[in-house]
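Trainee: Provided below: coords.cif, containing mmCIF, C-alpha atoms.
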data_coords
loop_
_atom_site.label_atom_id
_atom_site.label_comp_id
_atom_site.auth_asym_id
_atom_site.auth_seq_id
_atom_site.Cartn_x
_atom_site.Cartn_y
_atom_site.Cartn_z
CA MET A 17 109.26 68.40 217.66
CA ASP A 18 111.19 69.76 214.65
CA GLY A 19 110.02 69.30 211.06
CA ASN A 20 112.38 66.41 210.24
CA ASN A 21 111.35 64.36 213.31
CA PHE A 22 107.68 65.00 212.56
CA PHE A 23 107.87 63.73 208.98
CA THR A 24 110.01 60.72 210.07
CA SER A 25 107.47 59.73 212.72
CA PHE A 26 104.58 60.28 210.33
CA PHE A 27 106.23 58.10 207.68
CA LEU A 28 106.80 55.25 210.22
CA PHE A 29 103.17 55.59 211.31
CA LEU A 30 101.95 55.16 207.73
CA VAL A 31 104.17 52.15 207.08
CA MET A 32 102.71 50.35 210.12
CA GLN A 33 99.09 50.86 208.97
CA PRO A 34 97.01 48.52 206.77
CA PRO A 35 96.91 49.54 203.06
CA PHE A 36 93.31 50.81 203.22
CA MET A 37 94.20 53.14 206.14
CA ILE A 38 97.11 54.59 204.16
CA ARG A 39 94.72 55.43 201.29
CA VAL A 40 92.27 57.09 203.68
CA VAL A 41 94.95 59.27 205.30
CA LEU A 42 96.44 60.35 201.96
CA THR A 43 92.97 61.18 200.58
CA LEU A 44 92.21 63.38 203.60
CA LEU A 45 95.48 65.21 203.08
CA VAL A 46 95.04 65.76 199.34
CA LEU A 47 91.38 66.82 199.29
CA PRO A 48 91.92 70.35 200.72
CA VAL A 49 94.60 71.00 198.12
CA LEU A 50 92.37 69.85 195.27
CA PHE A 51 89.46 71.89 196.61
CA SER A 52 91.67 74.98 196.83
CA CYS A 53 92.86 74.57 193.21
CA ALA A 54 89.34 73.98 191.96
CA ARG A 55 88.11 77.02 193.82
CA GLY A 56 90.87 79.11 192.28
CA ASN A 57 89.91 77.95 188.76
CA VAL A 58 86.24 78.73 189.37
CA ASP A 59 87.12 82.22 190.61
CA ASN A 60 89.39 82.85 187.61
CA ASN A 61 86.76 81.60 185.15
CA ASN A 62 84.09 83.73 186.78
CA ALA A 63 86.35 86.80 186.59
CA LYS A 64 87.14 86.06 182.95
CA THR A 65 83.45 85.64 182.10
CA GLN A 66 82.62 88.90 183.88
CA ASN A 67 85.39 90.77 182.03
CA ASP A 68 84.21 89.35 178.70
CA THR A 69 80.68 90.53 179.43
CA LEU A 70 81.80 94.05 180.34
CA ALA A 71 84.22 94.46 177.41
CA ILE A 72 83.26 96.53 174.37
CA ASN A 73 83.78 94.60 171.12
CA VAL A 74 85.05 96.79 168.28
CA ALA A 75 85.32 95.76 164.61
CA VAL A 76 87.96 97.41 162.42
CA TYR A 77 89.67 96.65 159.12
CA PRO A 78 93.03 97.62 157.54
CA SER A 79 92.63 101.38 157.27
CA LEU A 80 94.77 104.10 158.82
CA ASP A 81 91.91 105.51 160.88
CA ALA A 82 91.74 102.20 162.76
CA LEU A 83 95.22 102.82 164.14
CA PRO A 84 94.48 105.45 166.84
CA LEU A 85 91.99 103.14 168.52
CA MET A 86 94.29 100.12 168.29
CA LEU A 87 97.24 102.11 169.61
CA GLY A 88 95.00 103.57 172.30
CA ASN A 89 94.50 99.98 173.39
CA ASP A 90 98.21 99.07 173.07
CA TRP A 91 99.36 102.19 174.92
CA GLY A 92 96.95 101.72 177.83
CA ILE A 93 94.88 104.81 177.05
CA LEU A 94 91.63 102.84 177.08
CA ASP A 95 92.58 101.16 180.36
CA SER A 96 93.30 104.54 181.93
CA LEU A 97 89.78 105.65 181.01
CA GLY A 98 88.27 102.50 182.48
CA VAL A 99 87.31 101.04 179.11
CA ALA A 100 87.71 97.32 178.47
CA VAL A 101 87.95 96.67 174.75
CA LYS A 102 88.32 93.67 172.48
CA ILE A 103 89.32 94.70 168.96
CA HIS A 104 88.48 92.36 166.09
CA VAL A 105 90.20 92.98 162.75
CA TYR A 106 88.28 92.01 159.60
CA ARG A 107 89.45 91.97 155.99
CA SER A 108 86.95 94.61 154.86
CA GLN A 109 84.59 97.29 156.10
CA ILE A 110 81.67 95.20 154.85
CA ASP A 111 82.79 92.17 156.90
CA ALA A 112 83.23 94.33 160.00
CA GLU A 113 79.77 95.83 159.49
CA LYS A 114 78.16 92.43 159.02
CA ALA A 115 79.40 91.27 162.43
CA PHE A 116 78.24 94.61 163.79
CA ALA A 117 74.75 94.42 162.27
CA GLU A 118 74.37 90.86 163.59
CA GLY A 119 75.12 92.06 167.12
CA LYS A 120 78.46 90.23 167.41
CA VAL A 121 80.29 93.51 168.08
CA ASP A 122 79.22 96.79 169.66
CA VAL A 123 81.16 99.27 167.53
CA ALA A 124 82.45 99.15 163.95
CA MET A 125 84.23 101.27 161.38
CA SER A 126 81.65 102.42 158.86
CA ASP A 127 80.45 105.47 156.93
CA LEU A 128 77.22 107.44 156.63
CA PHE A 129 76.27 105.70 153.37
CA ARG A 130 76.63 102.23 154.85
CA VAL A 131 74.83 103.20 158.07
CA GLY A 132 71.90 104.50 156.02
CA TRP A 133 71.87 101.30 153.97
CA TRP A 134 71.94 99.12 157.10
CA GLN A 135 69.15 101.11 158.68
CA TRP A 136 67.03 100.52 155.60
CA GLN A 137 67.68 96.80 156.23
CA LYS A 138 66.17 97.32 159.70
CA LYS A 139 69.47 96.83 161.53
CA PRO A 140 70.13 98.59 164.89
CA VAL A 141 73.01 100.87 163.81
CA ARG A 142 73.79 104.57 164.08
CA PHE A 143 76.76 106.67 163.05
CA ALA A 144 78.76 107.87 166.08
CA PHE A 145 81.79 110.01 165.22
CA VAL A 146 83.90 111.12 162.26
CA THR A 147 87.49 110.14 161.44
CA ARG A 148 89.76 110.88 158.47
CA ARG A 149 89.46 108.16 155.82
CA ARG A 150 90.72 109.57 152.55
CA MET A 151 90.42 107.65 149.29
CA ASN A 152 92.52 107.53 146.16
CA ILE A 153 91.90 106.27 142.66
CA VAL A 154 94.92 104.23 141.55
CA PRO A 155 95.11 102.99 137.93
CA ASN A 156 96.96 100.00 136.57
CA LYS A 157 100.42 101.36 135.72
CA ALA A 158 100.52 99.31 132.52
CA LEU A 159 97.63 101.40 131.10
CA ARG A 160 99.55 104.68 131.45
CA ILE A 161 96.47 106.48 132.80
CA THR A 162 97.47 109.93 134.05
CA ASN A 163 94.15 111.73 134.62
CA VAL A 164 90.53 111.02 135.54
CA ALA A 165 89.29 111.57 131.97
CA GLN A 166 91.10 108.40 130.93
CA LEU A 167 88.99 106.28 133.30
CA ASP A 168 86.14 106.27 130.75
CA ASP A 169 85.13 102.71 129.81
CA ARG A 170 87.34 101.21 132.51
CA MET A 171 86.84 98.74 135.38
CA ILE A 172 87.26 100.21 138.87
CA ALA A 173 87.11 97.99 141.97
CA LEU A 174 85.29 99.20 145.08
CA SER A 175 82.54 98.34 147.59
CA ARG A 176 78.92 99.12 146.69
CA PHE A 177 76.81 101.72 148.49
CA SER A 178 79.81 102.90 150.48
CA LEU A 179 82.23 105.78 150.80
CA ASP A 180 84.37 104.48 147.92
CA ASP A 181 81.29 104.10 145.70
CA TYR A 182 80.35 107.73 146.45
CA PHE A 183 83.96 108.78 145.77
CA CYS A 184 83.86 107.04 142.39
CA ASP A 185 80.60 108.84 141.54
CA LYS A 186 82.28 112.17 142.28
CA LEU A 187 85.14 111.30 139.94
CA GLU A 188 82.78 110.07 137.22
CA ALA A 189 80.99 113.42 137.33
CA ILE A 190 84.20 114.99 136.06
CA LEU A 191 83.91 113.02 132.81
CA LEU A 192 82.02 115.60 130.76
CA LYS A 193 82.28 113.69 127.49
CA LYS A 194 81.71 110.18 128.75
CA LYS A 195 81.59 107.63 125.91
CA GLY A 196 81.76 104.24 127.53
CA GLN A 197 80.59 102.66 130.78
CA ILE A 198 82.61 102.48 133.98
CA LEU A 199 82.24 99.00 135.46
CA ARG A 200 82.46 98.68 139.25
CA PRO A 201 83.33 95.14 140.37
CA GLN A 202 82.79 94.74 144.11
CA ILE A 203 86.03 93.68 145.79
CA ASN A 204 85.41 94.29 149.49
CA SER A 205 88.76 93.22 150.94
CA VAL A 206 90.99 96.28 150.65
CA GLU A 207 94.21 94.27 150.73
CA LEU A 208 92.92 91.89 148.05
CA ARG A 209 91.87 94.87 145.95
CA ALA A 210 95.41 96.26 146.11
CA LYS A 211 96.93 92.88 145.22
CA MET A 212 94.60 92.45 142.25
CA LEU A 213 95.60 95.88 140.99
CA GLU A 214 99.28 95.03 141.34
CA SER A 215 98.80 91.77 139.44
CA GLY A 216 97.09 93.57 136.53
CA GLN A 217 93.60 92.15 137.10
CA LEU A 218 91.99 95.58 137.40
CA ASP A 219 92.08 98.76 135.35
CA ALA A 220 91.92 100.82 138.54
CA ALA A 221 90.88 100.58 142.17
CA VAL A 222 89.60 102.87 144.88
CA LEU A 223 92.10 102.51 147.71
CA GLY A 224 92.47 103.98 151.15
CA LEU A 225 95.67 105.78 152.09
CA GLN A 226 97.19 102.68 153.64
CA GLN A 227 96.78 100.57 150.49
CA THR A 228 97.82 103.53 148.31
CA TYR A 229 101.11 103.76 150.20
CA LYS A 230 101.53 100.02 149.81
CA VAL A 231 101.12 99.97 146.01
CA ASN A 232 103.27 103.12 145.71
CA GLN A 233 106.18 100.85 146.63
CA ARG A 234 105.64 99.04 143.31
CA LYS A 235 105.41 102.24 141.29
CA PHE A 236 101.60 102.47 141.15
CA ALA A 237 100.71 106.16 141.41
CA GLU A 238 97.35 107.64 142.42
CA LEU A 239 95.63 110.18 140.18
CA LYS A 240 95.65 113.79 141.31
CA VAL A 241 92.15 114.57 142.56
CA ALA A 242 90.69 116.64 145.40
CA THR A 243 91.81 115.01 148.65
CA ASP A 244 88.89 116.20 150.77
CA ILE A 245 86.03 114.62 148.79
CA THR A 246 85.52 111.95 151.44
CA ASP A 247 86.05 114.09 154.55
CA GLY A 248 83.13 114.11 156.97
CA PHE A 249 81.49 110.87 155.84
CA ALA A 250 83.54 108.11 157.49
CA GLY A 251 84.14 107.05 161.08
CA PHE A 252 82.73 104.66 163.66
CA ALA A 253 79.16 103.51 164.24
CA PHE A 254 77.41 102.09 167.31
CA ASN A 255 75.05 99.14 167.59
CA THR A 256 72.02 100.75 169.25
CA ASN A 257 71.11 97.57 171.17
CA SER A 258 74.52 97.73 172.86
CA TYR A 259 74.26 101.49 173.31
CA ALA A 260 71.01 101.00 175.22
CA VAL A 261 72.87 99.05 177.94
CA LYS A 262 73.96 101.59 180.55
CA HIS A 263 77.45 100.28 181.38
CA LYS A 264 78.25 99.75 177.70
CA ARG A 265 76.96 103.18 176.73
CA ARG A 266 79.37 104.83 179.19
CA GLN A 267 82.31 102.92 177.74
CA MET A 268 81.27 103.44 174.12
CA ARG A 269 81.18 107.21 174.67
CA LYS A 270 84.73 107.08 176.04
CA LEU A 271 86.00 105.55 172.79
CA TYR A 272 85.75 109.02 171.27
CA VAL A 273 87.94 110.46 174.04
CA ALA A 274 90.48 107.62 173.78
CA TYR A 275 90.63 107.96 170.00
CA ASN A 276 91.48 111.64 170.25
CA ILE A 277 94.15 111.16 172.91
CA ALA A 278 95.87 108.56 170.70
CA ALA A 279 95.37 110.56 167.49
CA ASN A 280 96.83 113.66 169.11
CA LYS A 281 99.88 111.68 170.20
CA ILE A 282 100.29 110.25 166.68
CA ARG A 283 100.01 113.68 165.04
CA LYS A 284 102.96 114.92 167.13
CA MET A 285 105.23 112.17 165.81
CA ARG A 286 107.63 112.79 162.95
CA GLU A 287 107.16 109.16 161.90
CA LEU A 288 105.09 106.32 163.28
CA HIS A 289 106.74 104.20 165.96
CA ASP A 290 105.90 102.32 169.16
CA ILE A 291 103.54 99.99 167.30
CA SER A 292 103.36 96.39 168.51
CA GLU A 293 104.07 93.56 166.08
CA THR A 294 100.59 92.23 166.80
CA THR A 295 99.01 95.46 165.58
CA LYS A 296 101.27 95.62 162.52
CA VAL A 297 100.37 92.07 161.49
CA ALA A 298 96.65 92.52 162.21
CA LEU A 299 96.43 95.67 160.06
CA PHE A 300 98.83 94.45 157.32
CA LEU A 301 101.22 97.31 158.04
CA ASP A 302 104.62 96.63 156.47
CA ALA A 303 107.77 98.71 156.93
CA GLY A 304 107.48 100.35 153.50
CA THR A 305 103.93 101.51 154.19
CA LEU A 306 104.80 102.81 157.66
CA SER A 307 107.71 104.82 156.26
CA ARG A 308 105.36 106.67 153.87
CA ILE A 309 102.73 107.66 156.43
CA LYS A 310 102.64 111.36 157.32
CA PRO A 311 101.23 111.45 160.86
CA LYS A 312 100.13 115.09 160.95
CA GLU A 313 98.44 114.97 157.53
CA ASP A 314 97.02 111.45 157.50
CA PHE A 315 95.32 111.48 160.92
CA MET A 316 92.87 113.86 162.48
CA LEU A 317 91.08 114.07 165.78
CA ALA A 318 87.67 112.42 165.80
CA GLY A 319 84.84 114.88 165.28
CA LYS A 320 81.10 115.13 165.64
CA ASN A 321 78.95 114.53 162.59
CA LYS A 322 77.57 117.52 160.69
CA PHE A 323 73.97 117.02 159.64
CA SER A 324 74.68 118.39 156.15
CA PHE A 325 76.86 115.33 155.47
CA ALA A 326 74.12 113.00 156.68
CA GLU A 327 71.63 114.74 154.38
CA GLU A 328 73.97 114.37 151.41
CA ALA A 329 74.52 110.70 152.20
CA VAL A 330 70.76 110.04 152.33
CA ASP A 331 70.17 111.92 149.06
CA TRP A 332 72.92 109.93 147.35
CA LEU A 333 71.51 106.62 148.64
CA LYS A 334 68.07 107.51 147.27
CA LYS A 335 69.47 108.44 143.86
CA ARG A 336 71.28 105.11 143.73
CA GLY A 337 68.15 103.21 144.78
CA ALA A 338 69.90 101.87 147.88
CA VAL A 339 67.11 103.07 150.20
CA GLY A 340 63.46 103.91 149.66
CA GLU A 341 62.04 107.40 149.25
CA SER A 342 60.40 107.13 152.67
CA TYR A 343 63.79 106.96 154.40
CA ASN A 344 64.62 110.39 155.80
CA GLY A 345 67.78 109.61 157.75
CA ASP A 346 66.60 111.29 160.95
CA THR A 347 67.97 108.32 162.94
CA ILE A 348 71.24 108.00 161.08
CA VAL A 349 73.37 109.59 163.85
CA VAL A 350 73.66 108.77 167.55
CA GLU A 351 71.89 111.41 169.65
#
Before we go any further, please render this structure as structure tokens.
Mentor:
Amino acid sequence: MDGNNFFTSFFLFLVMQPPFMIRVVLTLLVLPVLFSCARGNVDNNNAKTQNDTLAINVAVYPSLDALPLMLGNDWGILDSLGVAVKIHVYRSQIDAEKAFAEGKVDVAMSDLFRVGWWQWQKKPVRFAFVTRRRMNIVPNKALRITNVAQLDDRMIALSRFSLDDYFCDKLEAILLKKKGQILRPQINSVELRAKMLESGQLDAAVLGLQQTYKVNQRKFAELKVATDITDGFAGFAFNTNSYAVKHKRRQMRKLYVAYNIAANKIRKMRELHDISETTKVALFLDAGTLSRIKPKEDFMLAGKNKFSFAEEAVDWLKKRGAVGESYNGDTIVVE
């Protein structure tokens, strides 16, 4: 019997049956289909739940040294290494670290000063590897400040007990004949800090390279200071509770490898390209900022921490009263 004759006969059979029999037959036909669909949804949900459990959650914020990891994800570098990553972009380093310290993410952008401070708060964090995160001091252009000496008795926005706070201390040390007091309002969001500077609400601000390039577009110029003051102190940190889980530890270690593959690719570019719109929006990267970035100068391969930097960070934290004298920093770096 061909298909058309079969369906014709089946239709006539149904028409001749009582209504309740028609419902029974149709139900028996539909049930396998429904069961198959439901089974497929259960399998998909189980796979999704499993992938979510295995994924490494990473917290970043708008800073150029977040880009190699994000592009490593966009370009498939992490996938090629067998690393499943979910990247969460926060407005500030402090916000990223808070999620990190609370165990909501496994890895976060941080610095040795913040890691030491968090450890003193009894949080399970350790510094993992170093990236390049250079700072600038950018004054309000209306004040016509041209050198560090003119920062005396001014208001400089930054984040407390952090790399930018340390950077500001280094600049303040240059003021040999200090007369006034430098106020340090805490504005954690780096993009907000740049906007407040542009709108004239601040005398000066400590900005990362990304935000410096952004305000340069509106004729705000950074002061000429040593560019390597902050080298060796910033990078990524691991949540030690996550690091203790074997399958996560393997993936977290590969982040270092993925970062360097992406950073090496970036450094060979004459200008940044091949960046998804999603990444641009997430990191607040506009066309003017991207055009100013110098790939070979502004990015470096991730490096291992040098203990001398950890010692300096701990000494600075003690002088600032951010940690107690009993804190020795021997757990500040991942082993």
Trainee: Using all atoms listed in the file, which residue out of A:Arg266, A:Arg234, A:Arg176, A:Lys194 lies closest to A:Arg336?
Mentor: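 Ranked by minimum distance to A:Arg336, first place goes to A:Arg176.
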Trainee: I need the residue nearest A:Gly345 from this list: A:Val297, A:Ala242, A:Val131, A:Leu223. Use all atoms listed in the file for the distance.
Mentor: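 Going through A:Val297, A:Ala242, A:Val131, A:Leu223 one by one, the smallest distance to A:Gly345 is for A:Val131.
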Trainee: To one decimal place, how far is atom CA of A:Ser205 from atom CA of A:Leu218 in Å?
Mentor: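 These two atoms are separated by 14.1 Å.
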Trainee: Taking 3 positions as the minimum chain separation for residues in the same chain, which residues sit within 12 Å of A:Asn344 when counting all atoms listed in the file? Answer as a ChimeraX atom specification.
Mentor: /A:132-133,135-136,326-334,339-341,347-349
Trainee: From the list A:Gly337, A:Gly248, A:Gly304, A:Pro311, which residue is nearest A:Val146 when using all atoms listed in the file?
Mentor: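 Residue with the minimum atom-to-atom distance to A:Val146: A:Gly248.
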Trainee: Please rebuild stretch 115-126 of chain A with all heavy atoms and return the result as an mmCIF file, keeping the file's coordinate frame.
Mentor:
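Listing of selection_37.cif after writing:
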data_model
loop_
_atom_site.group_PDB
_atom_site.id
_atom_site.type_symbol
_atom_site.label_atom_id
_atom_site.label_comp_id
_atom_site.auth_asym_id
_atom_site.auth_seq_id
_atom_site.Cartn_x
_atom_site.Cartn_y
_atom_site.Cartn_z
ATOM 1 N N ALA A 115 79.324 91.734 161.044
ATOM 2 C CA ALA A 115 79.400 91.270 162.430
ATOM 3 C C ALA A 115 78.693 92.258 163.354
ATOM 4 O O ALA A 115 78.012 91.874 164.317
ATOM 5 C CB ALA A 115 80.862 91.120 162.838
ATOM 6 N N PHE A 116 78.833 93.519 163.040
ATOM 7 C CA PHE A 116 78.240 94.610 163.790
ATOM 8 C C PHE A 116 76.708 94.578 163.707
ATOM 9 O O PHE A 116 76.002 94.647 164.713
ATOM 10 C CB PHE A 116 78.820 95.897 163.213
ATOM 11 C CG PHE A 116 78.209 97.183 163.642
ATOM 12 C CD1 PHE A 116 78.193 97.567 164.967
ATOM 13 C CD2 PHE A 116 77.683 98.055 162.701
ATOM 14 C CE1 PHE A 116 77.662 98.787 165.354
ATOM 15 C CE2 PHE A 116 77.155 99.270 163.073
ATOM 16 C CZ PHE A 116 77.139 99.630 164.404
ATOM 17 N N ALA A 117 76.199 94.441 162.487
ATOM 18 C CA ALA A 117 74.750 94.420 162.270
ATOM 19 C C ALA A 117 74.103 93.187 162.898
ATOM 20 O O ALA A 117 72.930 93.212 163.282
ATOM 21 C CB ALA A 117 74.441 94.473 160.777
ATOM 22 N N GLU A 118 74.876 92.109 162.996
ATOM 23 C CA GLU A 118 74.370 90.860 163.590
ATOM 24 C C GLU A 118 74.489 90.869 165.109
ATOM 25 O O GLU A 118 74.125 89.897 165.759
ATOM 26 C CB GLU A 118 75.126 89.671 163.002
ATOM 27 C CG GLU A 118 74.811 89.421 161.533
ATOM 28 C CD GLU A 118 75.687 88.334 160.923
ATOM 29 O OE1 GLU A 118 76.643 87.888 161.600
ATOM 30 O OE2 GLU A 118 75.421 87.926 159.777
ATOM 31 N N GLY A 119 75.021 91.950 165.676
ATOM 32 C CA GLY A 119 75.120 92.060 167.120
ATOM 33 C C GLY A 119 76.312 91.342 167.727
ATOM 34 O O GLY A 119 76.395 91.186 168.950
ATOM 35 N N LYS A 120 77.278 90.911 166.895
ATOM 36 C CA LYS A 120 78.460 90.230 167.410
ATOM 37 C C LYS A 120 79.479 91.213 167.991
ATOM 38 O O LYS A 120 80.321 90.832 168.791
ATOM 39 C CB LYS A 120 79.110 89.399 166.304
ATOM 40 C CG LYS A 120 78.220 88.259 165.797
ATOM 41 C CD LYS A 120 78.881 87.531 164.639
ATOM 42 C CE LYS A 120 77.978 86.427 164.104
ATOM 43 N NZ LYS A 120 78.578 85.756 162.920
ATOM 44 N N VAL A 121 79.425 92.459 167.539
ATOM 45 C CA VAL A 121 80.290 93.510 168.080
ATOM 46 C C VAL A 121 79.433 94.735 168.377
ATOM 47 O O VAL A 121 78.314 94.872 167.864
ATOM 48 C CB VAL A 121 81.422 93.889 167.093
ATOM 49 C CG1 VAL A 121 82.338 92.704 166.840
ATOM 50 C CG2 VAL A 121 80.877 94.418 165.781
ATOM 51 N N ASP A 122 79.966 95.612 169.219
ATOM 52 C CA ASP A 122 79.220 96.790 169.660
ATOM 53 C C ASP A 122 79.500 98.030 168.824
ATOM 54 O O ASP A 122 78.657 98.922 168.721
ATOM 55 C CB ASP A 122 79.568 97.098 171.127
ATOM 56 C CG ASP A 122 79.414 95.879 172.021
ATOM 57 O OD1 ASP A 122 78.272 95.404 172.161
ATOM 58 O OD2 ASP A 122 80.426 95.412 172.568
ATOM 59 N N VAL A 123 80.701 98.080 168.262
ATOM 60 C CA VAL A 123 81.160 99.270 167.530
ATOM 61 C C VAL A 123 81.885 98.792 166.277
ATOM 62 O O VAL A 123 82.551 97.752 166.296
ATOM 63 C CB VAL A 123 82.131 100.106 168.393
ATOM 64 C CG1 VAL A 123 82.589 101.354 167.643
ATOM 65 C CG2 VAL A 123 81.480 100.484 169.723
ATOM 66 N N ALA A 124 81.748 99.539 165.174
ATOM 67 C CA ALA A 124 82.450 99.150 163.950
ATOM 68 C C ALA A 124 82.812 100.373 163.119
ATOM 69 O O ALA A 124 82.125 101.391 163.157
ATOM 70 C CB ALA A 124 81.585 98.209 163.101
ATOM 71 N N MET A 125 83.898 100.248 162.365
ATOM 72 C CA MET A 125 84.230 101.270 161.380
ATOM 73 C C MET A 125 83.180 101.215 160.281
ATOM 74 O O MET A 125 82.806 100.142 159.812
ATOM 75 C CB MET A 125 85.617 100.996 160.790
ATOM 76 C CG MET A 125 86.739 101.187 161.782
ATOM 77 S SD MET A 125 88.359 100.736 161.096
ATOM 78 C CE MET A 125 88.567 102.058 159.883
ATOM 79 N N SER A 126 82.698 102.376 159.873
ATOM 80 C CA SER A 126 81.650 102.420 158.860
ATOM 81 C C SER A 126 81.675 103.794 158.208
ATOM 82 O O SER A 126 82.641 104.548 158.336
ATOM 83 C CB SER A 126 80.287 102.123 159.501
ATOM 84 O OG SER A 126 79.283 101.992 158.521
#
